[in-house]
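Participant: Structure file coords.txt (compact mmCIF, C-alpha atoms) right here:
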```txt
# COMPACT_ATOMS: atom_id res chain seq x y z
CA MET P 1 23.69 17.77 -8.42
CA ILE P 2 21.04 20.16 -9.71
CA ILE P 3 19.16 17.35 -11.46
CA ILE P 4 19.40 15.10 -8.38
CA LEU P 5 18.03 17.82 -6.10
CA PHE P 6 15.18 18.52 -8.53
CA LEU P 7 14.24 14.84 -8.80
CA ILE P 8 14.36 14.36 -5.03
CA GLY P 9 12.20 17.44 -4.59
CA MET P 10 9.65 16.25 -7.12
CA ALA P 11 9.51 12.76 -5.60
CA LEU P 12 9.03 14.05 -2.05
CA SER P 13 6.45 16.65 -3.07
CA ALA P 14 4.48 14.05 -5.05
CA ASP P 15 4.63 11.59 -2.15
CA GLY P 16 3.37 14.15 0.37
CA LEU P 17 0.63 15.43 -1.93
CA TYR P 18 -0.55 11.94 -2.83
CA TYR P 19 -0.96 10.86 0.78
CA GLY P 20 -2.36 14.26 1.67
CA ALA P 21 -5.06 13.73 -0.96
CA THR P 22 -5.82 10.12 0.04
CA LEU P 23 -5.32 10.20 3.82
CA GLY P 24 -5.73 13.90 4.58
CA MET P 25 -3.09 16.63 4.67
CA GLY P 26 -1.65 16.16 8.12
CA LEU P 27 1.57 17.45 9.63
CA GLY P 28 3.74 14.67 8.23
CA GLU P 29 2.42 15.15 4.71
CA ALA P 30 2.90 18.93 4.93
CA ILE P 31 6.49 18.56 6.15
CA ILE P 32 7.41 16.23 3.29
CA VAL P 33 5.81 18.54 0.72
CA GLY P 34 7.73 21.44 2.27
CA ILE P 35 11.03 19.57 2.11
CA GLY P 36 10.32 18.68 -1.51
CA ILE P 37 9.61 22.31 -2.42
CA LEU P 38 12.83 23.44 -0.71
CA CYS P 39 14.82 20.87 -2.69
CA ILE P 40 13.25 22.11 -5.93
CA LEU P 41 14.03 25.73 -5.02
CA TRP P 42 17.61 24.76 -4.18
CA SER P 43 18.00 23.18 -7.61
CA VAL P 44 16.48 26.19 -9.40
CA PHE P 45 18.59 28.76 -7.54
CA TYR P 46 21.65 26.56 -7.12
CA ASP P 47 24.18 29.08 -8.46
CA ALA P 48 22.59 32.05 -6.68
CA ILE P 49 22.76 30.22 -3.35
CA LYS P 50 26.46 29.49 -3.84
CA ASN P 51 27.19 33.19 -4.30
CA ASN P 52 25.10 34.57 -1.43
CA LYS P 53 26.37 34.24 2.16
CA PHE P 54 22.92 34.45 3.79
CA LEU P 55 21.47 31.83 1.44
CA ARG P 56 24.46 29.59 2.12
CA ILE P 57 23.68 29.80 5.84
CA LEU P 58 20.07 28.83 5.16
CA ARG P 59 21.28 25.97 2.99
CA GLY P 60 23.52 24.77 5.81
CA ALA P 61 20.63 24.87 8.27
CA PHE P 62 18.44 22.94 5.83
CA VAL P 63 21.12 20.28 5.25
CA THR P 64 21.63 19.92 9.01
CA CYS P 65 17.91 19.46 9.61
CA MET P 66 17.73 16.91 6.81
CA ALA P 67 20.68 14.99 8.25
CA VAL P 68 18.96 14.86 11.66
CA PHE P 69 15.74 13.70 10.02
CA ILE P 70 17.45 10.96 8.00
CA ILE P 71 19.52 9.70 10.95
CA TYR P 72 16.50 9.71 13.24
CA SER P 73 14.32 7.92 10.69
CA GLY P 74 16.94 5.26 10.07
CA ALA P 75 17.54 4.71 13.78
CA VAL P 76 13.87 4.34 14.74
CA CYS P 77 13.17 1.96 11.85
CA VAL P 78 16.17 -0.23 12.73
CA PHE P 79 15.07 -0.29 16.37
CA GLY P 80 11.52 -1.06 15.26
CA HIS P 81 12.66 -4.28 13.61
CA MET P 82 14.55 -5.51 16.71
CA ASP P 83 11.61 -7.57 17.98
CA THR P 84 11.76 -8.73 21.60
CA ALA P 85 8.62 -10.91 21.77
CA ASN P 86 9.07 -14.44 23.13
CA TYR P 87 5.67 -15.64 21.85
CA ASN P 88 4.36 -16.78 25.20
CA GLU P 89 2.88 -13.44 26.26
CA ASP P 90 -0.64 -13.39 27.68
CA TYR P 91 -1.82 -10.24 25.93
CA ILE P 92 -1.06 -8.37 22.72
CA ILE P 93 -1.80 -4.68 22.53
CA VAL P 94 -2.32 -3.73 18.89
CA LEU P 95 -2.03 0.03 18.48
CA GLY P 96 -4.54 1.76 16.23
CA ALA P 97 -3.90 3.99 13.23
CA GLY P 98 -5.99 5.79 10.62
CA LEU P 99 -8.94 4.27 8.81
CA ASN P 100 -10.25 4.32 5.25
CA GLY P 101 -13.97 4.40 5.95
CA ASN P 102 -14.78 1.08 7.63
CA PHE P 103 -11.48 -0.48 6.61
CA PRO P 104 -7.98 -0.22 8.08
CA SER P 105 -5.46 2.03 6.36
CA ARG P 106 -2.38 0.41 4.83
CA VAL P 107 -0.32 1.16 7.94
CA LEU P 108 -2.97 -0.30 10.25
CA GLU P 109 -3.42 -3.36 8.07
CA GLU P 110 0.29 -4.16 8.37
CA ARG P 111 -0.04 -4.02 12.15
CA LEU P 112 -3.06 -6.32 12.06
CA LEU P 113 -1.29 -8.82 9.82
CA LYS P 114 1.55 -8.95 12.34
CA ALA P 115 -1.01 -9.44 15.11
CA GLU P 116 -2.62 -12.30 13.19
CA GLU P 117 0.79 -13.88 12.63
CA TYR P 118 1.60 -13.60 16.33
CA MET P 119 -1.76 -15.03 17.44
CA ASN P 120 -1.38 -17.98 15.13
CA ARG P 121 1.97 -18.75 16.77
CA ASN P 122 0.72 -18.17 20.30
CA GLY P 123 -2.74 -19.71 20.52
CA ASN P 124 -3.31 -18.55 24.10
CA ALA P 125 -2.76 -14.84 23.58
CA VAL P 126 -5.62 -12.34 23.78
CA ALA P 127 -5.44 -9.20 21.63
CA ILE P 128 -6.41 -5.79 22.97
CA VAL P 129 -7.09 -3.72 19.85
CA SER P 130 -6.70 -0.14 21.01
CA GLY P 131 -7.96 2.99 19.26
CA GLY P 132 -10.83 5.44 19.55
CA GLN P 133 -12.70 7.32 16.85
CA GLY P 134 -10.40 9.88 15.28
CA LYS P 135 -11.27 13.06 13.45
CA GLY P 136 -13.11 12.25 10.22
CA GLU P 137 -13.48 8.57 11.08
CA VAL P 138 -16.92 6.94 10.90
CA THR P 139 -16.29 4.42 13.69
CA THR P 140 -13.63 3.51 16.22
CA GLU P 141 -10.31 2.10 15.11
CA ALA P 142 -10.75 -0.67 17.69
CA GLN P 143 -13.99 -1.86 16.10
CA VAL P 144 -12.47 -1.98 12.62
CA MET P 145 -9.45 -3.83 14.00
CA ALA P 146 -11.62 -6.35 15.82
CA ASP P 147 -13.70 -6.95 12.68
CA TYR P 148 -10.56 -7.40 10.58
CA LEU P 149 -9.02 -9.99 12.91
CA ALA P 150 -12.33 -11.83 13.19
CA PHE P 151 -12.61 -11.93 9.39
CA ARG P 152 -9.09 -13.39 9.27
CA GLY P 153 -10.18 -16.26 11.52
CA ILE P 154 -9.25 -15.05 15.00
CA GLY P 155 -11.95 -16.05 17.48
CA ALA P 156 -14.02 -13.24 18.99
CA GLU P 157 -13.22 -14.53 22.51
CA ARG P 158 -9.56 -13.64 21.85
CA ILE P 159 -10.23 -10.01 20.87
CA LEU P 160 -10.87 -7.20 23.36
CA PRO P 161 -11.67 -3.79 21.79
CA GLU P 162 -10.41 -0.71 23.67
CA GLU P 163 -12.27 2.21 22.09
CA ASN P 164 -11.25 5.23 24.19
CA ALA P 165 -7.58 5.86 23.34
CA ARG P 166 -6.88 8.96 21.28
CA ASN P 167 -3.07 8.77 21.22
CA THR P 168 -0.17 6.45 21.97
CA PHE P 169 0.01 7.34 25.65
CA GLU P 170 -3.67 6.50 26.09
CA ASN P 171 -3.26 3.23 24.17
CA PHE P 172 -1.22 2.00 27.12
CA GLN P 173 -3.03 3.96 29.81
CA TYR P 174 -6.34 2.26 29.02
CA SER P 175 -4.72 -1.15 28.50
CA ALA P 176 -2.65 -1.15 31.69
CA GLU P 177 -5.40 -2.22 34.10
CA PRO P 178 -6.79 -5.27 32.21
CA THR P 179 -3.24 -6.56 31.61
CA LYS P 180 -1.94 -5.91 35.13
CA GLY P 181 0.38 -8.69 36.27
CA ALA P 182 0.37 -10.37 32.84
CA ASN P 183 3.06 -10.74 30.20
CA VAL P 184 2.35 -8.21 27.46
CA VAL P 185 3.64 -7.56 23.94
CA PHE P 186 2.61 -4.62 21.79
CA ILE P 187 2.47 -4.47 18.01
CA THR P 188 2.81 -1.27 16.03
CA SER P 189 4.62 0.05 12.95
CA ASP P 190 8.42 -0.12 12.91
CA PHE P 191 8.85 3.69 12.99
CA HIS P 192 6.49 3.86 15.99
CA VAL P 193 8.03 1.20 18.26
CA LEU P 194 10.53 3.42 20.09
CA ARG P 195 8.01 6.06 21.16
CA SER P 196 5.43 3.38 22.00
CA LEU P 197 7.93 1.69 24.30
CA GLN P 198 8.48 5.02 26.05
CA MET P 199 4.73 5.48 26.51
CA ALA P 200 4.37 1.95 27.87
CA ASN P 201 7.15 2.56 30.41
CA LEU P 202 5.55 5.84 31.47
CA ASN P 203 2.40 3.85 32.26
CA GLY P 204 4.39 1.42 34.39
CA MET P 205 4.22 -1.43 31.89
CA ASN P 206 7.08 -3.84 31.27
CA VAL P 207 6.43 -4.99 27.70
CA THR P 208 8.01 -6.68 24.73
CA HIS P 209 7.36 -5.49 21.19
CA VAL P 210 6.97 -6.48 17.53
CA GLY P 211 7.34 -4.00 14.69
CA ALA P 212 5.24 -4.16 11.53
CA PRO P 213 6.80 -3.07 8.22
CA THR P 214 5.86 0.27 6.69
CA PRO P 215 5.30 0.59 2.91
CA ILE P 216 8.31 2.43 1.47
CA THR P 217 6.21 5.22 -0.03
CA LEU P 218 4.70 5.93 3.40
CA LEU P 219 8.01 6.05 5.25
CA PRO P 220 8.91 9.73 4.61
CA VAL P 221 5.48 10.97 5.72
CA SER P 222 5.33 8.61 8.68
CA CYS P 223 8.83 9.39 9.93
CA ALA P 224 8.28 13.15 9.59
CA ARG P 225 5.12 12.91 11.67
CA GLU P 226 6.86 10.63 14.17
CA LEU P 227 9.79 13.01 14.69
CA VAL P 228 7.42 15.84 15.60
CA ALA P 229 5.43 13.50 17.86
CA GLN P 230 8.64 12.37 19.55
CA LEU P 231 9.52 15.97 20.37
CA ALA P 232 6.01 16.46 21.75
CA THR P 233 6.40 13.52 24.17
CA ILE P 234 8.64 15.68 26.34
CA ARG P 235 5.47 16.96 28.02
CA TYR P 236 4.83 13.53 29.56
CA TYR P 237 8.03 13.78 31.60
CA PHE P 238 6.96 16.94 33.46
```
Take the structure in the file and write it out as structure tokens.

Facilitator:
Amino acid sequence: MIIILFLIGMALSADGLYYGATLGMGLGEAIIVGIGILCILWSVFYDAIKNNKFLRILRGAFVTCMAVFIIYSGAVCVFGHMDTANYNEDYIIVLGAGLNGNFPSRVLEERLLKAEEYMNRNGNAVAIVSGGQGKGEVTTEAQVMADYLAFRGIGAERILPEENARNTFENFQYSAEPTKGANVVFITSDFHVLRSLQMANLNGMNVTHVGAPTPITLLPVSCARELVAQLATIRYYF
């Protein structure tokens, strides 16, 4: 058990630090590094924790939080792969994500590949690529997304950049008017589908959805960030 805890801690810490160094140390990366450090400390002080009542209580709280995190992550990813698109929608809303300079990040590229796949199946659909210019980004996510789809052979007349959205709620807020009365599907990462559906409903949109796969090494960081973001969505209901 001690060795398993230590290896899990090292793997999580390395994962969080790697993506913190390459993508920026955000909340998700910091949480995963923190979980990794706690696992390492648990392995180092394994016997001491067993013999101390207060430390056992802390261990129980940590295990409970980890169980909630794992169950939540599994549930949102399963839901994210339960696609509801019928492939005759009029519009696709492709939700933005971080950039690497003038190129999409790995997460965003997976979303764009799904969008390309959808548009090749439904030749009449128009894509609204939604995303403003985030902190540290040199251009808008929408522009990079539009350029990527155009490079992949999607005609410019089928791509509408939406460059104002700063978060998931605004992705749908700014896309609601141009798609009013139309059939709409949105495409985002699997872990992000559930919250995106909530934001679409809050903006009065009846939508279908397609989830893009998330690279396995990015899942812990992404799900940690998503859990915190999900808790923060409570403010939209008041």

Participant: So which one's closest to P:Ser105, P:Ala127, P:Ala11, P:Gly80, P:Glu141? Using all atoms listed in the file, please.

Facilitator: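 Among the listed residues, the smallest separation from P:Ser105 belongs to P:Glu141.
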
Participant: Just how far from atom CA of P:Gln143 is atom CA of P:Leu160, in Å to one decimal?

Facilitator: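 Atom CA of P:Leu160 sits 9.5 Å away from atom CA of P:Gln143.
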
Participant: Between P:Val228, P:Val221, P:Leu112, P:Ile128, which residue has the minimum interatomic distance to P:Leu17, considering all atoms listed in the file?

Facilitator: P:Val221

Participant: Which residue out of P:Ala14, P:Ile234, P:Val138, P:Trp42 has the minimum interatomic distance to P:Ile2 when all atoms listed in the file are used?

Facilitator: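 Using all atoms listed in the file, the shortest distance to P:Ile2 belongs to P:Trp42.
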
Participant: In Å, rounded to a single decimal, give me how far atom CA of P:Ile35 is from atom CA of P:Ala67.

Facilitator: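 Rounded to one decimal, the two atoms are 12.3 Å apart.
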
Participant: Tell me, as a list in words, which residues lie within 8 Å of P:Ala115, counting all atoms listed in the file; anything in the same chain fewer than 6 positions away does not count.

Facilitator: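 With the cut-off at 8 Å, the set is Ile92, Val94, Ala127 and Ile187 of chain P.
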
Participant: Could those selected residues go to a file with C-alpha atoms, as an mmCIF file, in the frame of the given file?

Facilitator:
```cif
data_model
loop_
_atom_site.group_PDB
_atom_site.id
_atom_site.type_symbol
_atom_site.label_atom_id
_atom_site.label_comp_id
_atom_site.auth_asym_id
_atom_site.auth_seq_id
_atom_site.Cartn_x
_atom_site.Cartn_y
_atom_site.Cartn_z
ATOM 1 C CA ILE P 92 -1.060 -8.370 22.720
ATOM 2 C CA VAL P 94 -2.320 -3.730 18.890
ATOM 3 C CA ALA P 127 -5.440 -9.200 21.630
ATOM 4 C CA ILE P 187 2.470 -4.470 18.010
#
```

Participant: Pick the closest to P:Gly136 from P:Tyr118, P:Gly153, P:Gly24, P:Glu110: which is it, counting only C-alpha atoms?

Facilitator: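 Of the candidates, the smallest distance to P:Gly136 is held by P:Gly24.
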
Participant: Grab the atom CA of P:Ser196 to atom CA of P:Asn167 distance for me, in Å with one decimal place.

Facilitator: 10.1 Å

Participant: Hey, can you pull every residue with an atom no more than 12 Å from (2.6, 3.2, 24.2), using all atoms listed in the file, and send it as an NGL selection string?

Facilitator: :P and (93-96 or 130-131 or 165-176 or 184-189 or 192-209 or 230 or 233 or 236)

Participant: Restricting the calculation to only C-alpha atoms, which member of P:Ser73, P:Asn88, P:Ser222, P:Asn102 is positioned closest to P:Asp147?

Facilitator: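 Comparing P:Ser73, P:Asn88, P:Ser222, P:Asn102 against P:Asp147, the winner is P:Asn102.
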
Participant: Taking all atoms listed in the file into account, name the residue in P:Arg235, P:Val129, P:Ala182, P:Glu177 that is nearest to P:Pro161.

Facilitator: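 Closest residue, counting all atoms listed in the file: P:Val129.
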